[in-house]
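Single-structure report; data block below.
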Amino acid sequence: QSAFDEFTNTVFLDTVTSNTINLHFTLAYPENYGITDAKVTLGDYGYDFFMEEYARTGEMLDSLLEFNYELLTPSQQLTYDILEDALSSELANQNYIYFTEALSPLTGYQAQLPVLFANYTFRNKTDIENYLLLLNEFDEFFTKIMDFQKQKSEQGYFMPDFMAKNVIEQCEIFIDDIENNYLIETFNTAISETDWLSESEKTMYCEKNAQSVKEDVANAYGIIIDGLNGLLGTATNEAGLCYYSDGKAYYAHLVRNATGSAKSVKALQTLTEKYIQDSLQEIYSLMIADPTLIDNLESFSFSYTEPAEILEHLKLKIASDFPALPNTSCEICTVHKSLEECLSPAFFIVPPIDDTLNNVIYINNHYGNMNLFTTLAHEGYPGHLYQNVYASSLNLPAVRNMLSYPGYTEGWATYVEYYSYNLDNLEENVAHTLALNDSATLGLYAYLDMGIHYDGWLYEDVLEYLKIFGFTSEEIARDIYETILQNPAEYLSYFIGYLEITELRETAKNRLGENFNIKDFHSFLLEIGPAPYDIIADYMERWPSKTSTQTNILTE
């Protein structure tokens, strides 16, 4: 058991120090973990680097499998199960290296790095100096990314032209007014708020940052722009992943990683189609039974519309159905105009595992008709912010924080987003119908994702499918089609994760009957933490008991 803890800690330290962004956003105080001399770097990128990483992953997996599972504690066995799944899945990625996409308009480095740098916390001078060193690396790092893009092109895996043009435009907008780039603005603000720098030091750091943004960062984005322009016309596939020779197998692998579900793509398609049909039928039945429902849907409004008020209201309302959370705070920020069109409607910045008191949620004003109440339930309480802070309070093994299971995290946030319709004073039928409509719409996107990337649907197929549901706009259909092409399996993380959680809940309900308690179920799911759903289901087999007070299965 002691050796296992030492092993998982070694895996954590190896992973967290692989680049400075990882380290800074995972640990506020790395010295408390014995990390004092980690190299300041954005990391490496490219084919050779990937192969080296896969070799290291294989060695880690071999070392893990040497442990005698039966001699581990229940908690260690859970970590073993999840780590084995994560390492095996990562190792399987080596079969699909050229599918790796670093420049997706939504999740690519060019979109994500500026947001991370805008939220880079300065706790001391070392943080500031590391930040500036990282800015100086931008052009070198982006050069490596473009070198790999050229390799992808040579192998026949370069992105479609429309996608490349979207990224080019995104980069051009970001550096268009470089003198007033928001990385200068956010840095100046952060420096001005420090009380441990002299005025001369503040001036010096601000000047250095401005120079690096205008030179290194601008040059880096120029490298992306020029490189992508030079590769236009080299794509061999402008449609779904299945049109590549090994694309269908890759998509199935991607779906497993994105959703955490062990179900086949075909099984997920069947479940999704049934869910959409059942939800629409239920909405129809509700409207038949309640003639006032349509009017009530058109006139409904939430009691709270200001972000701070919404979060405070949600914190109070979830107390009866969700376990208590340690005290924490949250700042609501607005996405800078230069990034509005390429970022999500809202997102939560995951805080370091040793400093969960300060949290940040971004709202993107580009999506003017966004429903803030349910959005902040998704991002805040009881969504991402709540789930992350709760997980940190459990003192899970540090290595668990380095394993990505978006099907769990996004599935949970989506589940509670729909749940939140019941957390205001909406009439019951209105709340239920709105949740059904939202989930069915998300299901529709997920179904299209699988149709496009697994079955080979083209734009015309998407348009015809949408017409079944009354969507006739060719412009909207084109936008949906291209969005899904650029972000395969993205919607599945949310929708399939949501379906898996509702399936687990129904299983627990059926097993426990009148002893079922929703707060206990939520506690169980939160205490397991991010994991694939087949592992969660296995652990739930031993969870339901004759009383509704035993939720922590790991102490049994």
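Letters for chains follow the order of the structure tokens (A, B, ...), residue numbers begin at 1 for each chain, and ligand numbers begin at 1 in the order shown.
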Inset, instruction - Can you pull out every residue within 7 Å of stretch 425-438 of chain A, counting only C-alpha atoms, but drop anything in the same chain fewer than 5 positions away, and send it as a ChimeraX atom specification? - result: /A:279,283,293,296-297,418
Inset, instruction - Mind listing the strand (DSSP E or B) residues of stretch 268-412 of chain A, per DSSP on the backbone, as a ChimeraX atom specification? - result: /A:329-334,346-349,358-363
Residue subset to file, keeping all heavy atoms, as a compact mmCIF listing (two decimals), in the first residue's frame:
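Written output follows (out.txt):
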```txt
# COMPACT_ATOMS: atom_id res chain seq x y z
N SER A 329 -15.43 31.09 -2.89
CA SER A 329 -15.91 32.32 -3.52
C SER A 329 -15.81 32.19 -5.03
O SER A 329 -15.14 31.29 -5.54
CB SER A 329 -15.10 33.53 -3.05
OG SER A 329 -13.75 33.41 -3.47
N CYS A 330 -16.46 33.09 -5.74
CA CYS A 330 -16.44 33.03 -7.20
C CYS A 330 -16.50 34.43 -7.79
O CYS A 330 -17.30 35.26 -7.37
CB CYS A 330 -17.63 32.20 -7.71
SG CYS A 330 -17.68 32.07 -9.51
N GLU A 331 -15.65 34.66 -8.78
CA GLU A 331 -15.65 35.92 -9.52
C GLU A 331 -16.23 35.68 -10.91
O GLU A 331 -15.87 34.72 -11.57
CB GLU A 331 -14.22 36.46 -9.65
CG GLU A 331 -14.12 37.77 -10.42
CD GLU A 331 -12.68 38.24 -10.60
OE1 GLU A 331 -11.76 37.52 -10.17
OE2 GLU A 331 -12.49 39.31 -11.20
N ILE A 332 -17.15 36.53 -11.32
CA ILE A 332 -17.74 36.44 -12.65
C ILE A 332 -17.00 37.40 -13.58
O ILE A 332 -16.92 38.61 -13.31
CB ILE A 332 -19.24 36.82 -12.65
CG1 ILE A 332 -20.00 35.93 -11.66
CG2 ILE A 332 -19.82 36.70 -14.04
CD1 ILE A 332 -20.09 34.49 -12.07
N CYS A 333 -16.41 36.88 -14.64
CA CYS A 333 -15.67 37.70 -15.61
C CYS A 333 -16.34 37.62 -16.98
O CYS A 333 -17.11 36.70 -17.26
CB CYS A 333 -14.23 37.24 -15.71
SG CYS A 333 -13.28 37.43 -14.19
N THR A 334 -16.01 38.57 -17.82
CA THR A 334 -16.55 38.62 -19.17
C THR A 334 -15.47 38.30 -20.18
O THR A 334 -14.34 38.80 -20.08
CB THR A 334 -17.12 40.03 -19.48
OG1 THR A 334 -18.12 40.34 -18.51
CG2 THR A 334 -17.75 40.07 -20.86
N ALA A 346 -20.08 30.04 -21.91
CA ALA A 346 -19.59 30.27 -20.55
C ALA A 346 -18.64 29.14 -20.19
O ALA A 346 -18.72 28.05 -20.76
CB ALA A 346 -20.76 30.33 -19.56
N PHE A 347 -17.72 29.40 -19.27
CA PHE A 347 -16.82 28.33 -18.84
C PHE A 347 -16.24 28.66 -17.47
O PHE A 347 -16.17 29.82 -17.05
CB PHE A 347 -15.70 28.07 -19.85
CG PHE A 347 -14.92 29.29 -20.26
CD1 PHE A 347 -13.77 29.65 -19.59
CD2 PHE A 347 -15.33 30.06 -21.33
CE1 PHE A 347 -13.04 30.77 -19.97
CE2 PHE A 347 -14.61 31.18 -21.73
CZ PHE A 347 -13.47 31.53 -21.05
N PHE A 348 -15.84 27.61 -16.78
CA PHE A 348 -15.30 27.69 -15.44
C PHE A 348 -13.80 27.41 -15.50
O PHE A 348 -13.36 26.48 -16.16
CB PHE A 348 -16.00 26.64 -14.55
CG PHE A 348 -15.36 26.42 -13.21
CD1 PHE A 348 -15.38 27.40 -12.24
CD2 PHE A 348 -14.76 25.19 -12.91
CE1 PHE A 348 -14.80 27.18 -10.99
CE2 PHE A 348 -14.18 24.96 -11.67
CZ PHE A 348 -14.21 25.97 -10.70
N ILE A 349 -13.02 28.26 -14.84
CA ILE A 349 -11.57 28.05 -14.75
C ILE A 349 -11.30 27.18 -13.52
O ILE A 349 -11.54 27.59 -12.39
CB ILE A 349 -10.80 29.38 -14.63
CG1 ILE A 349 -11.07 30.28 -15.83
CG2 ILE A 349 -9.31 29.10 -14.47
CD1 ILE A 349 -10.47 29.82 -17.11
N ASN A 358 -10.72 30.54 -4.37
CA ASN A 358 -10.97 31.55 -5.40
C ASN A 358 -11.27 30.89 -6.75
O ASN A 358 -10.44 30.17 -7.30
CB ASN A 358 -9.73 32.45 -5.54
CG ASN A 358 -9.37 33.12 -4.23
OD1 ASN A 358 -10.19 33.82 -3.64
ND2 ASN A 358 -8.16 32.90 -3.75
N ASN A 359 -12.46 31.13 -7.25
CA ASN A 359 -12.91 30.52 -8.50
C ASN A 359 -13.35 31.60 -9.49
O ASN A 359 -13.78 32.69 -9.10
CB ASN A 359 -14.09 29.58 -8.23
CG ASN A 359 -13.72 28.44 -7.32
OD1 ASN A 359 -13.22 27.42 -7.75
ND2 ASN A 359 -13.95 28.61 -6.01
N VAL A 360 -13.25 31.28 -10.77
CA VAL A 360 -13.61 32.23 -11.82
C VAL A 360 -14.53 31.56 -12.83
O VAL A 360 -14.25 30.46 -13.31
CB VAL A 360 -12.36 32.77 -12.55
CG1 VAL A 360 -12.77 33.71 -13.68
CG2 VAL A 360 -11.44 33.50 -11.57
N ILE A 361 -15.63 32.23 -13.15
CA ILE A 361 -16.53 31.81 -14.22
C ILE A 361 -16.56 32.91 -15.27
O ILE A 361 -16.75 34.09 -14.94
CB ILE A 361 -17.96 31.54 -13.70
CG1 ILE A 361 -17.98 30.33 -12.78
CG2 ILE A 361 -18.93 31.33 -14.86
CD1 ILE A 361 -19.32 30.07 -12.11
N TYR A 362 -16.35 32.54 -16.53
CA TYR A 362 -16.42 33.49 -17.63
C TYR A 362 -17.78 33.41 -18.32
O TYR A 362 -18.29 32.31 -18.57
CB TYR A 362 -15.32 33.20 -18.65
CG TYR A 362 -14.02 33.92 -18.38
CD1 TYR A 362 -13.03 33.36 -17.58
CD2 TYR A 362 -13.79 35.19 -18.93
CE1 TYR A 362 -11.84 34.01 -17.34
CE2 TYR A 362 -12.61 35.86 -18.69
CZ TYR A 362 -11.64 35.27 -17.89
OH TYR A 362 -10.47 35.94 -17.65
N ILE A 363 -18.33 34.56 -18.64
CA ILE A 363 -19.56 34.64 -19.42
C ILE A 363 -19.25 35.33 -20.74
O ILE A 363 -18.58 36.37 -20.78
CB ILE A 363 -20.65 35.42 -18.66
CG1 ILE A 363 -21.06 34.65 -17.40
CG2 ILE A 363 -21.87 35.67 -19.54
CD1 ILE A 363 -22.05 35.38 -16.52
```
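The nearest approach to A:Ile496 among the residues A:Asn166, A:Ser344, A:Thr409, A:Ser192, with only C-alpha atoms taken into account, belongs to A:Thr409.
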Inset, instruction - Could you check which of A:Ile225, A:Ile468, A:Leu492, A:Val389 is closest to A:Asn257, using only C-alpha atoms? - result: A:Leu492
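Within the 9 Å cut-off around A:Tyr481, using only C-alpha atoms and omitting residues fewer than 4 positions from it on the same chain, the listed residues are A:Leu448, A:Asp449, A:Ile452, A:Leu458, A:Tyr459, A:Val462, A:Leu463, A:Ile476, A:Ala477, A:Leu485, A:Gln486.
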Go ahead and save the picked residues with all heavy atoms, as an mmCIF file, in the first residue's frame.
```cif
data_model
loop_
_atom_site.group_PDB
_atom_site.id
_atom_site.type_symbol
_atom_site.label_atom_id
_atom_site.label_comp_id
_atom_site.auth_asym_id
_atom_site.auth_seq_id
_atom_site.Cartn_x
_atom_site.Cartn_y
_atom_site.Cartn_z
ATOM 1 N N LEU A 448 -26.489 14.017 -34.376
ATOM 2 C CA LEU A 448 -25.871 14.516 -35.604
ATOM 3 C C LEU A 448 -24.362 14.262 -35.596
ATOM 4 O O LEU A 448 -23.777 13.921 -36.625
ATOM 5 C CB LEU A 448 -26.139 16.017 -35.760
ATOM 6 C CG LEU A 448 -27.562 16.425 -36.146
ATOM 7 C CD1 LEU A 448 -27.706 17.943 -36.083
ATOM 8 C CD2 LEU A 448 -27.918 15.917 -37.534
ATOM 9 N N ASP A 449 -23.740 14.430 -34.440
ATOM 10 C CA ASP A 449 -22.298 14.187 -34.306
ATOM 11 C C ASP A 449 -21.964 12.761 -34.723
ATOM 12 O O ASP A 449 -21.034 12.518 -35.510
ATOM 13 C CB ASP A 449 -21.884 14.426 -32.850
ATOM 14 C CG ASP A 449 -20.374 14.523 -32.661
ATOM 15 O OD1 ASP A 449 -19.675 13.573 -33.052
ATOM 16 O OD2 ASP A 449 -19.910 15.535 -32.128
ATOM 17 N N ILE A 452 -22.591 12.250 -38.530
ATOM 18 C CA ILE A 452 -21.569 12.870 -39.384
ATOM 19 C C ILE A 452 -20.258 12.097 -39.335
ATOM 20 O O ILE A 452 -19.662 11.788 -40.374
ATOM 21 C CB ILE A 452 -21.348 14.340 -38.959
ATOM 22 C CG1 ILE A 452 -22.578 15.182 -39.316
ATOM 23 C CG2 ILE A 452 -20.087 14.915 -39.622
ATOM 24 C CD1 ILE A 452 -22.571 16.567 -38.685
ATOM 25 N N LEU A 458 -23.475 13.935 -44.685
ATOM 26 C CA LEU A 458 -22.993 15.178 -45.276
ATOM 27 C C LEU A 458 -23.959 16.307 -44.923
ATOM 28 O O LEU A 458 -24.982 16.088 -44.261
ATOM 29 C CB LEU A 458 -22.859 15.017 -46.784
ATOM 30 C CG LEU A 458 -21.921 13.890 -47.237
ATOM 31 C CD1 LEU A 458 -21.943 13.754 -48.766
ATOM 32 C CD2 LEU A 458 -20.498 14.124 -46.739
ATOM 33 N N TYR A 459 -23.643 17.505 -45.381
ATOM 34 C CA TYR A 459 -24.476 18.667 -45.058
ATOM 35 C C TYR A 459 -25.935 18.423 -45.444
ATOM 36 O O TYR A 459 -26.860 18.751 -44.674
ATOM 37 C CB TYR A 459 -23.940 19.908 -45.770
ATOM 38 C CG TYR A 459 -24.966 21.010 -45.891
ATOM 39 C CD1 TYR A 459 -25.376 21.727 -44.767
ATOM 40 C CD2 TYR A 459 -25.547 21.308 -47.129
ATOM 41 C CE1 TYR A 459 -26.333 22.725 -44.873
ATOM 42 C CE2 TYR A 459 -26.497 22.305 -47.240
ATOM 43 C CZ TYR A 459 -26.889 23.002 -46.119
ATOM 44 O OH TYR A 459 -27.848 23.981 -46.223
ATOM 45 N N VAL A 462 -27.713 16.354 -42.903
ATOM 46 C CA VAL A 462 -27.979 17.131 -41.691
ATOM 47 C C VAL A 462 -29.203 18.009 -41.897
ATOM 48 O O VAL A 462 -30.092 18.087 -41.039
ATOM 49 C CB VAL A 462 -26.747 17.990 -41.313
ATOM 50 C CG1 VAL A 462 -27.089 18.981 -40.207
ATOM 51 C CG2 VAL A 462 -25.586 17.096 -40.885
ATOM 52 N N LEU A 463 -29.265 18.673 -43.049
ATOM 53 C CA LEU A 463 -30.402 19.543 -43.357
ATOM 54 C C LEU A 463 -31.711 18.755 -43.362
ATOM 55 O O LEU A 463 -32.712 19.194 -42.769
ATOM 56 C CB LEU A 463 -30.184 20.221 -44.714
ATOM 57 C CG LEU A 463 -31.281 21.187 -45.182
ATOM 58 C CD1 LEU A 463 -31.444 22.341 -44.190
ATOM 59 C CD2 LEU A 463 -30.947 21.726 -46.576
ATOM 60 N N ILE A 476 -28.438 27.840 -40.684
ATOM 61 C CA ILE A 476 -28.289 27.199 -39.374
ATOM 62 C C ILE A 476 -27.764 25.780 -39.538
ATOM 63 O O ILE A 476 -26.881 25.336 -38.798
ATOM 64 C CB ILE A 476 -29.634 27.202 -38.618
ATOM 65 C CG1 ILE A 476 -30.003 28.633 -38.214
ATOM 66 C CG2 ILE A 476 -29.566 26.301 -37.385
ATOM 67 C CD1 ILE A 476 -31.360 28.749 -37.556
ATOM 68 N N ALA A 477 -28.303 25.067 -40.521
ATOM 69 C CA ALA A 477 -27.861 23.688 -40.761
ATOM 70 C C ALA A 477 -26.382 23.649 -41.121
ATOM 71 O O ALA A 477 -25.635 22.781 -40.648
ATOM 72 C CB ALA A 477 -28.698 23.056 -41.871
ATOM 73 N N LEU A 485 -18.183 19.198 -37.383
ATOM 74 C CA LEU A 485 -16.993 18.729 -38.099
ATOM 75 C C LEU A 485 -15.716 19.162 -37.378
ATOM 76 O O LEU A 485 -14.736 18.411 -37.305
ATOM 77 C CB LEU A 485 -16.977 19.274 -39.533
ATOM 78 C CG LEU A 485 -17.831 18.565 -40.580
ATOM 79 C CD1 LEU A 485 -17.670 19.255 -41.928
ATOM 80 C CD2 LEU A 485 -17.445 17.092 -40.705
ATOM 81 N N GLN A 486 -15.727 20.372 -36.837
ATOM 82 C CA GLN A 486 -14.533 20.918 -36.196
ATOM 83 C C GLN A 486 -14.305 20.378 -34.780
ATOM 84 O O GLN A 486 -13.194 20.449 -34.262
ATOM 85 C CB GLN A 486 -14.632 22.452 -36.116
ATOM 86 C CG GLN A 486 -14.611 23.134 -37.481
ATOM 87 C CD GLN A 486 -14.830 24.631 -37.350
ATOM 88 O OE1 GLN A 486 -13.908 25.414 -37.564
ATOM 89 N NE2 GLN A 486 -16.027 25.043 -37.006
#
```
Inset, instruction - Considering only C-alpha atoms, return as a ChimeraX atom specification whatever protein or nucleic-acid residues lie within 8 Å of A:Leu183, sequence-local ones (same chain, fewer than 5 positions apart) excluded. - result: /A:114,117-118,213
Skipping near chain neighbours, those fewer than 5 positions away, what residues fall within 9 Å of A:Phe4 using only C-alpha atoms, listed as a PDB file with N, CA and C atoms, in the first residue's frame?
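Saved to out.pdb:
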```
ATOM      1  N   ASN A   9       2.066   8.973  -6.545  1.00  0.00           N
ATOM      2  CA  ASN A   9       2.606  10.307  -6.338  1.00  0.00           C
ATOM      3  C   ASN A   9       3.680  10.631  -7.362  1.00  0.00           C
ATOM      4  N   LEU A  64       2.147  -0.129 -12.934  1.00  0.00           N
ATOM      5  CA  LEU A  64       0.870  -0.234 -12.223  1.00  0.00           C
ATOM      6  C   LEU A  64       0.418  -1.683 -12.128  1.00  0.00           C
ATOM      7  N   PHE A  67       1.417  -4.259  -9.311  1.00  0.00           N
ATOM      8  CA  PHE A  67       0.877  -4.255  -7.953  1.00  0.00           C
ATOM      9  C   PHE A  67      -0.169  -5.353  -7.785  1.00  0.00           C
ATOM     10  N   LEU A  72      -4.390  -3.958  -1.948  1.00  0.00           N
ATOM     11  CA  LEU A  72      -4.619  -2.515  -1.842  1.00  0.00           C
ATOM     12  C   LEU A  72      -5.877  -2.235  -1.025  1.00  0.00           C
ATOM     13  N   GLN A  76      -7.518   2.730  -2.701  1.00  0.00           N
ATOM     14  CA  GLN A  76      -6.426   2.514  -3.651  1.00  0.00           C
ATOM     15  C   GLN A  76      -6.886   1.687  -4.844  1.00  0.00           C
ATOM     16  N   TYR A  80      -6.510   2.608  -8.653  1.00  0.00           N
ATOM     17  CA  TYR A  80      -5.911   1.635  -9.580  1.00  0.00           C
ATOM     18  C   TYR A  80      -6.809   1.459 -10.801  1.00  0.00           C
TER      19      TYR A  80
END
```
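Distance-wise, atom CA of A:Thr502 and atom CA of A:Leu325 end up 22.6 Å apart.
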Residue neighbourhood A:Glu312, 9 Å, only C-alpha atoms, exclusion window fewer than 5 positions, as an mmCIF file with C-alpha atoms, in the first residue's frame:
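out-v2.cif was written with the following content:
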```
data_model
loop_
_atom_site.group_PDB
_atom_site.id
_atom_site.type_symbol
_atom_site.label_atom_id
_atom_site.label_comp_id
_atom_site.auth_asym_id
_atom_site.auth_seq_id
_atom_site.Cartn_x
_atom_site.Cartn_y
_atom_site.Cartn_z
ATOM 1 C CA PRO A 307 -25.031 36.580 -11.866
ATOM 2 C CA LYS A 317 -31.503 25.969 -2.938
ATOM 3 C CA TYR A 381 -23.637 25.598 -8.252
#
```
Inset, instruction - If you run DSSP over the backbone, which residues in stretch 257-419 of chain A end up helix (DSSP H, G or I)? Put them as a PyMOL selection string. - result: chain A and resi 257-259+265-289+293-299+307-320+337-342+372-379+384-393+398-402+406-419
Can I get the residues of stretch 46-107 of chain A within 12 Å of stretch 136-144 of chain A, each with the closest pair of atoms and their distance in Å to one decimal, using only C-alpha atoms, sorted chain first then ascending number, as a Markdown table?
```
| residue | atom | partner | partner_atom | distance |
| --- | --- | --- | --- | --- |
| A:Gly46 | CA | A:Lys144 | CA | 6.4 |
| A:Tyr47 | CA | A:Lys144 | CA | 9.9 |
| A:Asp48 | CA | A:Lys144 | CA | 11.2 |
| A:Phe49 | CA | A:Lys144 | CA | 10.5 |
| A:Ala102 | CA | A:Phe142 | CA | 9.8 |
| A:Leu103 | CA | A:Phe142 | CA | 10.0 |
```
Selection from above, all heavy atoms, as a PDB file, in the first residue's frame, can you write it?
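Saved as again00.pdb:
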```pdb
ATOM      1  N   GLY A  46       4.880  17.527 -31.106  1.00  0.00           N
ATOM      2  CA  GLY A  46       5.338  16.912 -32.339  1.00  0.00           C
ATOM      3  C   GLY A  46       5.353  15.400 -32.260  1.00  0.00           C
ATOM      4  O   GLY A  46       5.187  14.803 -31.189  1.00  0.00           O
ATOM      5  N   TYR A  47       5.556  14.752 -33.404  1.00  0.00           N
ATOM      6  CA  TYR A  47       5.480  13.293 -33.512  1.00  0.00           C
ATOM      7  C   TYR A  47       6.462  12.590 -32.574  1.00  0.00           C
ATOM      8  O   TYR A  47       6.081  11.675 -31.830  1.00  0.00           O
ATOM      9  CB  TYR A  47       5.744  12.879 -34.960  1.00  0.00           C
ATOM     10  CG  TYR A  47       5.574  11.397 -35.202  1.00  0.00           C
ATOM     11  CD1 TYR A  47       4.343  10.878 -35.579  1.00  0.00           C
ATOM     12  CD2 TYR A  47       6.654  10.514 -35.040  1.00  0.00           C
ATOM     13  CE1 TYR A  47       4.184   9.512 -35.795  1.00  0.00           C
ATOM     14  CE2 TYR A  47       6.510   9.155 -35.243  1.00  0.00           C
ATOM     15  CZ  TYR A  47       5.266   8.662 -35.622  1.00  0.00           C
ATOM     16  OH  TYR A  47       5.117   7.307 -35.821  1.00  0.00           O
ATOM     17  N   ASP A  48       7.720  13.009 -32.609  1.00  0.00           N
ATOM     18  CA  ASP A  48       8.733  12.358 -31.770  1.00  0.00           C
ATOM     19  C   ASP A  48       8.391  12.511 -30.290  1.00  0.00           C
ATOM     20  O   ASP A  48       8.557  11.570 -29.500  1.00  0.00           O
ATOM     21  CB  ASP A  48      10.122  12.942 -32.049  1.00  0.00           C
ATOM     22  CG  ASP A  48      10.624  12.582 -33.438  1.00  0.00           C
ATOM     23  OD1 ASP A  48      10.107  11.607 -34.015  1.00  0.00           O
ATOM     24  OD2 ASP A  48      11.540  13.274 -33.930  1.00  0.00           O
ATOM     25  N   PHE A  49       7.935  13.695 -29.911  1.00  0.00           N
ATOM     26  CA  PHE A  49       7.548  13.937 -28.525  1.00  0.00           C
ATOM     27  C   PHE A  49       6.397  13.022 -28.125  1.00  0.00           C
ATOM     28  O   PHE A  49       6.410  12.422 -27.038  1.00  0.00           O
ATOM     29  CB  PHE A  49       7.136  15.400 -28.349  1.00  0.00           C
ATOM     30  CG  PHE A  49       6.457  15.694 -27.044  1.00  0.00           C
ATOM     31  CD1 PHE A  49       7.161  15.658 -25.848  1.00  0.00           C
ATOM     32  CD2 PHE A  49       5.102  15.989 -27.005  1.00  0.00           C
ATOM     33  CE1 PHE A  49       6.531  15.913 -24.642  1.00  0.00           C
ATOM     34  CE2 PHE A  49       4.458  16.245 -25.808  1.00  0.00           C
ATOM     35  CZ  PHE A  49       5.176  16.218 -24.618  1.00  0.00           C
ATOM     36  N   ALA A 102      -4.309  20.356 -32.650  1.00  0.00           N
ATOM     37  CA  ALA A 102      -3.914  21.370 -31.671  1.00  0.00           C
ATOM     38  C   ALA A 102      -4.559  22.722 -31.924  1.00  0.00           C
ATOM     39  O   ALA A 102      -4.457  23.626 -31.092  1.00  0.00           O
ATOM     40  CB  ALA A 102      -2.393  21.539 -31.688  1.00  0.00           C
ATOM     41  N   LEU A 103      -5.223  22.887 -33.071  1.00  0.00           N
ATOM     42  CA  LEU A 103      -5.707  24.206 -33.463  1.00  0.00           C
ATOM     43  C   LEU A 103      -7.217  24.252 -33.706  1.00  0.00           C
ATOM     44  O   LEU A 103      -7.689  25.048 -34.523  1.00  0.00           O
ATOM     45  CB  LEU A 103      -4.967  24.680 -34.718  1.00  0.00           C
ATOM     46  CG  LEU A 103      -3.453  24.842 -34.584  1.00  0.00           C
ATOM     47  CD1 LEU A 103      -2.832  25.239 -35.917  1.00  0.00           C
ATOM     48  CD2 LEU A 103      -3.097  25.859 -33.502  1.00  0.00           C
TER      49      LEU A 103
END
```
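Taking only C-alpha atoms into account, A:Val255 lies nearest to A:Gln269 out of the set A:Asn130, A:Thr472, A:Thr236, A:Gln269.
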Legend entry - Atomic separation - atom CA of A:Glu527 relative to atom CA of A:Leu314, Å: 20.8 Å
Inset, instruction - Point out the residue among A:Gln77, A:Ser320, A:Thr121, A:Thr259 with the least atom-to-atom distance to A:Ala489, counting only C-alpha atoms. - result: A:Thr259
Legend entry - Residues within 12 Å of A:Thr356, only C-alpha atoms, excluding chain neighbours under 6 positions, as number ranges by chain: A: 25-28, 325-330, 349-350, 385-393
What would the file look like if the residues just selected were written as a PDB file, in the first residue's frame with C-alpha atoms?
```
ATOM      1  CA  PHE A  25      -2.993  25.788 -12.674  1.00  0.00           C
ATOM      2  CA  THR A  26      -2.807  22.537 -10.688  1.00  0.00           C
ATOM      3  CA  LEU A  27      -0.757  23.674  -7.690  1.00  0.00           C
ATOM      4  CA  ALA A  28      -0.773  27.111  -6.118  1.00  0.00           C
ATOM      5  CA  LEU A 325     -19.691  22.336   0.345  1.00  0.00           C
ATOM      6  CA  PRO A 326     -16.746  24.057   2.066  1.00  0.00           C
ATOM      7  CA  ASN A 327     -16.795  27.854   1.944  1.00  0.00           C
ATOM      8  CA  THR A 328     -15.549  29.251  -1.339  1.00  0.00           C
ATOM      9  CA  SER A 329     -15.915  32.321  -3.523  1.00  0.00           C
ATOM     10  CA  CYS A 330     -16.444  33.028  -7.202  1.00  0.00           C
ATOM     11  CA  ILE A 349     -11.574  28.045 -14.755  1.00  0.00           C
ATOM     12  CA  VAL A 350     -10.575  25.033 -12.650  1.00  0.00           C
ATOM     13  CA  LEU A 385     -17.395  24.937  -9.436  1.00  0.00           C
ATOM     14  CA  TYR A 386     -19.302  22.880  -6.888  1.00  0.00           C
ATOM     15  CA  GLN A 387     -18.060  19.522  -8.202  1.00  0.00           C
ATOM     16  CA  ASN A 388     -14.406  20.668  -8.284  1.00  0.00           C
ATOM     17  CA  VAL A 389     -14.444  22.163  -4.805  1.00  0.00           C
ATOM     18  CA  TYR A 390     -16.234  19.096  -3.449  1.00  0.00           C
ATOM     19  CA  ALA A 391     -13.671  16.775  -5.034  1.00  0.00           C
ATOM     20  CA  SER A 392     -10.836  18.809  -3.509  1.00  0.00           C
ATOM     21  CA  SER A 393     -12.431  18.491  -0.071  1.00  0.00           C
TER      22      SER A 393
END
```
Inset, instruction - Enter the distance from atom CA of A:Pro105 to atom CA of A:Phe158, in Å, rounded to one decimal. - result: 14.3 Å
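Shortest atom-to-atom contact with A:His384 among A:Tyr367, A:Tyr415, A:Phe469, A:Tyr96: A:Tyr415, counting only C-alpha atoms.
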